[in-house]
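Engineer: Before we start, here is the structure in question, set down as structure tokens.
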Amino acid sequence: MELNIKNVSLRFDQKLILDNINLNLHSGGLIGLIGPNGSGKSTLLRIISTILKPEKGNIFLDGADIVKYPKKMRISLGYLPQQVPYYPHLTAIEYLQNTLLLLKEFLKNKHEVILKIY
């Protein structure tokens, strides 16, 4: 597997978070993102995992543009952010079952839910 990140940039409001990031990563190795808080590590991971779209640049997984075709990345990558909900009274299976029920309810009534939010 090969991941190519080319000239990726992103701003939040007027603050430049990522500025022309270029990386070529190949499977079979271990990669660490190291930097101080606020340096863009999590933002880059969110872009790679297709949660966010870059303002500028491209990301290719085995030659496929994951911004245009996010499913290519989503079937290859699992992403767990640093902060996740924790419910000590639930087992892992119970947590997943509850999450699935919420997702089903949202999908069934998504138009009503979206209108309530906005």
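Residues in the structure tokens are numbered from 1 in each chain, the chains being A, B, ... in the order shown, and ligands are numbered from 1 in the order shown.
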Can you tell me, as an mmCIF file with C-alpha atoms, in the first residue's frame, which residues in chain A count as strand (DSSP E or B) by DSSP?
Structural biologist:
data_model
loop_
_atom_site.group_PDB
_atom_site.id
_atom_site.type_symbol
_atom_site.label_atom_id
_atom_site.label_comp_id
_atom_site.auth_asym_id
_atom_site.auth_seq_id
_atom_site.Cartn_x
_atom_site.Cartn_y
_atom_site.Cartn_z
ATOM 1 C CA GLU A 2 1.281 3.483 -0.851
ATOM 2 C CA LEU A 3 -0.029 6.803 0.468
ATOM 3 C CA ASN A 4 1.054 9.991 -1.296
ATOM 4 C CA ILE A 5 0.248 13.355 0.257
ATOM 5 C CA LYS A 6 0.950 16.234 -2.101
ATOM 6 C CA ASN A 7 0.874 19.924 -1.167
ATOM 7 C CA VAL A 8 -1.905 19.514 1.403
ATOM 8 C CA SER A 9 -2.951 22.732 3.121
ATOM 9 C CA LEU A 10 -5.822 23.622 5.413
ATOM 10 C CA ARG A 11 -6.966 26.745 7.213
ATOM 11 C CA PHE A 12 -9.462 27.146 10.018
ATOM 12 C CA LYS A 15 -5.283 30.376 10.783
ATOM 13 C CA LEU A 16 -3.077 28.199 8.579
ATOM 14 C CA ILE A 17 -3.021 24.757 10.195
ATOM 15 C CA LEU A 18 -1.294 22.703 7.475
ATOM 16 C CA ASP A 19 0.973 24.357 4.906
ATOM 17 C CA ASN A 20 1.938 22.356 1.804
ATOM 18 C CA ILE A 21 2.474 19.003 3.514
ATOM 19 C CA ASN A 22 4.210 16.420 1.295
ATOM 20 C CA LEU A 23 4.720 12.789 2.343
ATOM 21 C CA ASN A 24 5.202 9.435 0.645
ATOM 22 C CA LEU A 25 4.353 6.513 2.918
ATOM 23 C CA HIS A 26 4.637 2.807 2.160
ATOM 24 C CA LYS A 56 -5.528 22.531 -1.213
ATOM 25 C CA GLY A 57 -3.547 19.512 -2.386
ATOM 26 C CA ASN A 58 -4.183 15.852 -3.062
ATOM 27 C CA ILE A 59 -3.949 12.547 -1.254
ATOM 28 C CA PHE A 60 -3.573 9.320 -3.180
ATOM 29 C CA LEU A 61 -3.900 5.777 -1.870
ATOM 30 C CA ALA A 64 -6.632 6.686 -6.210
ATOM 31 C CA ASP A 65 -7.553 10.217 -5.116
#
Engineer: Can you tell me how far CA of Met73 in chain A sits from CA of Leu45 in chain A, in Å to one decimal?
Structural biologist: 12.0 Å
Engineer: To test your reading of the structure, identify every residue in chain A that backbone DSSP assigns to helix (DSSP H, G or I), and report it as an MDAnalysis selection string.
Structural biologist: chainID A and resid 41:48 70:74 92:108 110:117
Engineer: Store the residues picked out above, limited to C-alpha atoms, as a compact mmCIF listing (two decimals), in the first residue's frame.
Structural biologist:
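So the final result, stored in selection-v2.txt, reads:
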# COMPACT_ATOMS: atom_id res chain seq x y z
CA LYS A 41 -1.08 16.24 13.73
CA SER A 42 -4.73 15.41 14.42
CA THR A 43 -5.87 17.59 11.54
CA LEU A 44 -3.61 15.70 9.15
CA LEU A 45 -4.95 12.36 10.44
CA ARG A 46 -8.53 13.60 9.99
CA ILE A 47 -7.73 14.54 6.39
CA ILE A 48 -6.03 11.21 5.70
CA PRO A 70 -13.09 8.42 0.09
CA LYS A 71 -14.38 4.82 0.21
CA LYS A 72 -10.98 3.68 -1.06
CA MET A 73 -9.41 4.93 2.18
CA ARG A 74 -12.31 4.08 4.47
CA ALA A 92 -17.76 -2.95 24.44
CA ILE A 93 -20.56 -4.92 22.76
CA GLU A 94 -23.26 -2.90 24.55
CA TYR A 95 -21.57 0.34 23.50
CA LEU A 96 -21.46 -0.77 19.86
CA GLN A 97 -25.09 -1.93 19.98
CA ASN A 98 -26.21 1.44 21.37
CA THR A 99 -24.19 3.30 18.77
CA LEU A 100 -25.76 1.19 16.01
CA LEU A 101 -29.26 1.90 17.36
CA LEU A 102 -28.54 5.65 17.36
CA LEU A 103 -27.19 5.45 13.82
CA LYS A 104 -30.27 3.53 12.61
CA GLU A 105 -32.57 6.10 14.23
CA PHE A 106 -30.61 8.95 12.70
CA LEU A 107 -30.71 7.42 9.23
CA LYS A 108 -34.45 6.76 9.53
CA LYS A 110 -32.12 12.24 9.28
CA HIS A 111 -34.06 15.04 7.60
CA GLU A 112 -35.96 15.85 10.80
CA VAL A 113 -32.80 15.61 12.91
CA ILE A 114 -30.83 17.89 10.59
CA LEU A 115 -33.61 20.47 10.58
CA LYS A 116 -33.70 20.42 14.41
CA ILE A 117 -29.92 20.96 14.56
